[in-house]
Amino acid sequence: MTERKTDAQRRHDPAVRGFASDNYAGVHPEVLAAVALANGGHQVAYGEDQYTEHLQRVVRSHFGQTAEAFPVFNGTGANVVALQAMTDRWGAVICAESAHIHVDECGAPERVGGLKLLTVPTEDGKLTPDLIDRQAYGWDDEHRAMPQVVSITQNTELGTVYTPDEVRAICEHAHERNMLVHLDGSRIANAAASLDVPMRAFTNAVGVDVLSLGGTKNGALFGEAVVVINPDAVRAMKHIRKMSMQLASKMRFISAQFEALLARDLWLRNARHANTMAKRLAAGVRAVDGVEILYPVQANAVFARLPHDVTERLQKRYRFYFWDEAAGDVRWMCSFDTTVEDVDGLVDALREEMGR
């Protein structure tokens, strides 16, 4: 009889890294250790565990004494749960045309959340009060979905970053019109590292009501969280989370990861490193003739335009995506584990392919 192998086997080369997405990166060792530490024994399910309880104190240290964290499975879930809790059934959310909730969530906010997205074209992925006003009207018009929330992304899908003053202006403008403000913070740590300010500087300190707090793109295994800063901005959060299939039974393993990231400075160390690698990559790319950088490199993303055939050859050497294939635009993402050798290798490969 042939003996069956039961040992786990590594099925990839851990030395191989690309620039497709910060979601491709593994788990930071400190986060993995925190998950292992939370293992063993029994803890109450569905968020009544000691790790989730302690996470509330950690979150309040970053986002103020009224903040409450609701861990969920993923970023789309965080956004859908947050926006559902902030809107009525007839409500609408104003967002940038490039927003993740509009472009990359398969219609989940509208199909699952049951709300309407009102999009606005932007040059750099950032909303302004004037841009918001293109959709902020018709509250008494029963023929139009009612604008109730403004959703911004920090940092944006184009790698740009809102300053605290820009977020404050948006919050004041929205609140004057009886709208709430949601911040999609899947890369919130990268924005804070770029601005060299605490996360509170552009969230609770300037009027953001609810945020989706990212972890996966910054070294977590899985899991995000909805952080309610203004309790009056939401209704029935726990019920909506459950109804949206985002209530984890073994929530301690999500909460333990956020504690590892947020209790000290791991969130900031990871983000600073990713941002630094992106700046190094941008500097190297700028030195290659014929390549155009499309947007300011303010976080961990570099957007560039290069010949289509060059991109296709380069993709055989490093994994990354087209951003706009028709225009020849690509996106390179750096992660907490991106190395100097990774960056310099991509730049050298790009120079070689451009020289063919």
# chains A, B, ... in the order shown; residues from 1 in each chain; ligands from 1
$ residues_around --residues "region 149-161 of chain A" --least-positions-apart "2" --cutoff "6 Å" --atoms "only C-alpha atoms" --output "ChimeraX atom specification"
/A:93-95,125,179-185,187-188,191,298-299,301
$ write_last_selection --atoms "N, CA and C atoms" --output "CSV table (one decimal), in the first residue's frame"
chain,number,residue,atom,x,y,z
A,93,VAL,N,-25.1,57.6,-2.9
A,93,VAL,CA,-23.8,58.0,-2.4
A,93,VAL,C,-23.0,58.6,-3.6
A,94,ILE,N,-22.5,59.8,-3.3
A,94,ILE,CA,-21.7,60.5,-4.3
A,94,ILE,C,-20.2,60.1,-4.2
A,95,CYS,N,-19.6,59.7,-5.3
A,95,CYS,CA,-18.2,59.2,-5.3
A,95,CYS,C,-17.5,59.6,-6.6
A,125,GLY,N,-8.6,61.5,-9.2
A,125,GLY,CA,-9.2,60.6,-8.3
A,125,GLY,C,-9.8,61.3,-7.0
A,179,MET,N,-25.5,65.8,4.5
A,179,MET,CA,-24.9,64.5,4.0
A,179,MET,C,-23.8,64.0,5.0
A,180,LEU,N,-23.6,62.7,5.0
A,180,LEU,CA,-22.5,62.1,5.8
A,180,LEU,C,-21.3,61.9,4.9
A,181,VAL,N,-20.2,61.6,5.6
A,181,VAL,CA,-19.0,61.3,4.9
A,181,VAL,C,-18.4,59.9,5.3
A,182,HIS,N,-18.2,59.1,4.2
A,182,HIS,CA,-17.6,57.8,4.4
A,182,HIS,C,-16.2,57.9,3.8
A,183,LEU,N,-15.2,57.3,4.4
A,183,LEU,CA,-13.8,57.2,3.9
A,183,LEU,C,-13.5,55.7,3.6
A,184,ASP,N,-13.2,55.4,2.4
A,184,ASP,CA,-12.7,54.1,2.1
A,184,ASP,C,-11.2,54.1,2.3
A,185,GLY,N,-10.8,53.4,3.4
A,185,GLY,CA,-9.4,53.5,3.8
A,185,GLY,C,-8.7,52.1,3.6
A,187,ARG,N,-6.2,51.7,1.9
A,187,ARG,CA,-4.8,52.0,2.0
A,187,ARG,C,-4.6,53.2,2.9
A,188,ILE,N,-5.3,53.3,3.9
A,188,ILE,CA,-5.3,54.5,4.8
A,188,ILE,C,-3.9,54.6,5.4
A,191,ALA,N,-1.5,56.5,3.1
A,191,ALA,CA,-1.8,57.9,3.1
A,191,ALA,C,-1.2,58.6,4.3
A,298,GLN,N,2.4,59.5,-4.6
A,298,GLN,CA,2.3,60.0,-3.2
A,298,GLN,C,2.1,58.9,-2.2
A,299,ALA,N,1.9,57.6,-2.7
A,299,ALA,CA,1.7,56.5,-1.8
A,299,ALA,C,2.5,55.3,-2.3
A,301,ALA,N,1.8,53.4,-5.1
A,301,ALA,CA,1.4,53.1,-6.5
A,301,ALA,C,2.1,54.0,-7.5
$ select_by_dssp --residues "region 48-257 of chain A" --states "alpha helix (DSSP H)" --output "VMD selection string"
chain A and resid 50 to 63 75 to 86 100 to 103 108 to 111 129 to 132 164 to 176 188 to 195 237 to 243 252 to 257
$ atom_distance --atom1 "CA of Arg272 (chain A)" --atom2 "CA of Val340 (chain A)"
13.7 Å
$ closest_atom_pairs --of "region 248-308 of chain A" --to "region 203-227 of chain A" --cutoff "9 Å" --atoms "only C-alpha atoms" --output "tab-separated table"
residue	atom	partner	partner_atom	distance
A:Phe253	CA	A:Gly223	CA	8.8
A:Ile254	CA	A:Gly223	CA	5.6
A:Ser255	CA	A:Gly223	CA	8.5
A:Gln257	CA	A:Ala220	CA	6.2
A:Phe258	CA	A:Gly215	CA	6.9
A:Leu261	CA	A:Gly215	CA	7.9
A:Leu266	CA	A:Gly219	CA	8.9
A:Trp267	CA	A:Asn218	CA	6.7
A:Asn270	CA	A:Asn218	CA	6.3
A:Ala271	CA	A:Asn218	CA	6.6
A:Ala274	CA	A:Asn218	CA	8.8
$ write_last_selection --atoms "N, CA, C and O atoms" --output "mmCIF file, in the first residue's frame"
data_model
loop_
_atom_site.group_PDB
_atom_site.id
_atom_site.type_symbol
_atom_site.label_atom_id
_atom_site.label_comp_id
_atom_site.auth_asym_id
_atom_site.auth_seq_id
_atom_site.Cartn_x
_atom_site.Cartn_y
_atom_site.Cartn_z
ATOM 1 N N PHE A 253 -9.622 36.094 15.280
ATOM 2 C CA PHE A 253 -8.469 36.017 14.398
ATOM 3 C C PHE A 253 -8.368 37.217 13.454
ATOM 4 O O PHE A 253 -7.297 37.512 12.948
ATOM 5 N N ILE A 254 -9.471 37.904 13.220
ATOM 6 C CA ILE A 254 -9.401 39.195 12.516
ATOM 7 C C ILE A 254 -8.923 40.270 13.482
ATOM 8 O O ILE A 254 -8.017 41.052 13.184
ATOM 9 N N SER A 255 -9.522 40.307 14.658
ATOM 10 C CA SER A 255 -9.194 41.347 15.631
ATOM 11 C C SER A 255 -7.740 41.276 16.072
ATOM 12 O O SER A 255 -7.079 42.320 16.267
ATOM 13 N N GLN A 257 -5.228 40.418 14.353
ATOM 14 C CA GLN A 257 -4.383 40.988 13.300
ATOM 15 C C GLN A 257 -4.359 42.513 13.382
ATOM 16 O O GLN A 257 -3.300 43.137 13.255
ATOM 17 N N PHE A 258 -5.528 43.115 13.573
ATOM 18 C CA PHE A 258 -5.580 44.568 13.681
ATOM 19 C C PHE A 258 -4.863 45.060 14.934
ATOM 20 O O PHE A 258 -4.234 46.118 14.926
ATOM 21 N N LEU A 261 -1.242 45.141 14.088
ATOM 22 C CA LEU A 261 -0.900 46.254 13.198
ATOM 23 C C LEU A 261 -0.971 47.595 13.915
ATOM 24 O O LEU A 261 -0.093 48.461 13.734
ATOM 25 N N LEU A 266 3.433 48.943 13.649
ATOM 26 C CA LEU A 266 3.628 48.066 12.506
ATOM 27 C C LEU A 266 2.897 48.589 11.272
ATOM 28 O O LEU A 266 3.419 48.522 10.160
ATOM 29 N N TRP A 267 1.683 49.098 11.456
ATOM 30 C CA TRP A 267 0.926 49.645 10.336
ATOM 31 C C TRP A 267 1.724 50.735 9.613
ATOM 32 O O TRP A 267 1.732 50.806 8.384
ATOM 33 N N ASN A 270 5.099 49.304 7.863
ATOM 34 C CA ASN A 270 4.787 48.635 6.606
ATOM 35 C C ASN A 270 4.462 49.631 5.507
ATOM 36 O O ASN A 270 4.920 49.504 4.362
ATOM 37 N N ALA A 271 3.633 50.621 5.832
ATOM 38 C CA ALA A 271 3.215 51.602 4.831
ATOM 39 C C ALA A 271 4.381 52.475 4.384
ATOM 40 O O ALA A 271 4.527 52.777 3.189
ATOM 41 N N ALA A 274 6.503 50.506 1.901
ATOM 42 C CA ALA A 274 5.876 50.389 0.582
ATOM 43 C C ALA A 274 5.948 51.702 -0.173
ATOM 44 O O ALA A 274 6.243 51.744 -1.385
#
$ residues_around --residues "Val285 (chain A)" --least-positions-apart "3" --cutoff "10 Å" --atoms "only C-alpha atoms" --output "PyMOL selection string"
chain A and resi 279-282+288-293+302+304+343-344+346-348+350-351
$ write_last_selection --atoms "C-alpha atoms" --output "mmCIF file, in the first residue's frame"
data_model
loop_
_atom_site.group_PDB
_atom_site.id
_atom_site.type_symbol
_atom_site.label_atom_id
_atom_site.label_comp_id
_atom_site.auth_asym_id
_atom_site.auth_seq_id
_atom_site.Cartn_x
_atom_site.Cartn_y
_atom_site.Cartn_z
ATOM 1 C CA LYS A 279 9.230 56.502 -4.837
ATOM 2 C CA ARG A 280 12.375 54.584 -5.727
ATOM 3 C CA LEU A 281 10.523 52.883 -8.572
ATOM 4 C CA ALA A 282 9.171 56.198 -9.869
ATOM 5 C CA VAL A 288 13.973 55.601 -18.792
ATOM 6 C CA ASP A 289 13.441 57.395 -22.118
ATOM 7 C CA GLY A 290 9.957 57.053 -23.554
ATOM 8 C CA VAL A 291 8.130 56.258 -20.315
ATOM 9 C CA GLU A 292 5.628 58.724 -18.851
ATOM 10 C CA ILE A 293 4.545 58.838 -15.195
ATOM 11 C CA VAL A 302 3.099 54.144 -9.745
ATOM 12 C CA ALA A 304 2.877 54.918 -16.170
ATOM 13 C CA VAL A 343 12.476 47.627 -7.705
ATOM 14 C CA ASP A 344 15.870 47.906 -9.366
ATOM 15 C CA LEU A 346 11.985 45.993 -12.683
ATOM 16 C CA VAL A 347 13.643 49.250 -13.731
ATOM 17 C CA ASP A 348 16.509 47.389 -15.396
ATOM 18 C CA LEU A 350 12.008 48.070 -18.342
ATOM 19 C CA ARG A 351 15.117 49.797 -19.681
#
$ select_by_dssp --residues "region 154-239 of chain A" --states "strand (DSSP E or B)" --output "PyMOL selection string"
chain A and resi 180-185+210-213+224-228
$ write_last_selection --atoms "N, CA and C atoms" --output "CSV table (one decimal), in the first residue's frame"
chain,number,residue,atom,x,y,z
A,180,LEU,N,-23.6,62.7,5.0
A,180,LEU,CA,-22.5,62.1,5.8
A,180,LEU,C,-21.3,61.9,4.9
A,181,VAL,N,-20.2,61.6,5.6
A,181,VAL,CA,-19.0,61.3,4.9
A,181,VAL,C,-18.4,59.9,5.3
A,182,HIS,N,-18.2,59.1,4.2
A,182,HIS,CA,-17.6,57.8,4.4
A,182,HIS,C,-16.2,57.9,3.8
A,183,LEU,N,-15.2,57.3,4.4
A,183,LEU,CA,-13.8,57.2,3.9
A,183,LEU,C,-13.5,55.7,3.6
A,184,ASP,N,-13.2,55.4,2.4
A,184,ASP,CA,-12.7,54.1,2.1
A,184,ASP,C,-11.2,54.1,2.3
A,185,GLY,N,-10.8,53.4,3.4
A,185,GLY,CA,-9.4,53.5,3.8
A,185,GLY,C,-8.7,52.1,3.6
A,210,VAL,N,-17.7,57.7,9.1
A,210,VAL,CA,-17.5,56.3,9.1
A,210,VAL,C,-16.3,56.0,8.2
A,211,LEU,N,-15.5,55.0,8.5
A,211,LEU,CA,-14.4,54.6,7.6
A,211,LEU,C,-14.3,53.1,7.5
A,212,SER,N,-13.9,52.7,6.3
A,212,SER,CA,-13.5,51.3,6.1
A,212,SER,C,-12.0,51.2,6.3
A,213,LEU,N,-11.6,50.4,7.3
A,213,LEU,CA,-10.2,50.4,7.7
A,213,LEU,C,-9.6,49.2,7.1
A,224,GLU,N,-10.9,43.2,7.2
A,224,GLU,CA,-10.9,44.6,7.3
A,224,GLU,C,-11.9,45.0,8.4
A,225,ALA,N,-12.2,46.3,8.6
A,225,ALA,CA,-13.1,46.7,9.6
A,225,ALA,C,-13.9,47.9,9.2
A,226,VAL,N,-15.1,48.0,9.6
A,226,VAL,CA,-15.8,49.3,9.6
A,226,VAL,C,-15.6,50.0,10.9
A,227,VAL,N,-15.1,51.2,10.9
A,227,VAL,CA,-14.9,52.0,12.1
A,227,VAL,C,-16.0,53.1,12.1
A,228,VAL,N,-16.9,53.0,13.0
A,228,VAL,CA,-17.9,54.1,13.2
A,228,VAL,C,-17.4,55.1,14.1
$ closest_residue --among "A:Glu142, A:Asp130, A:Asp337, A:Asp124" --to "Ala174 (chain A)" --atoms "only C-alpha atoms"
A:Asp130
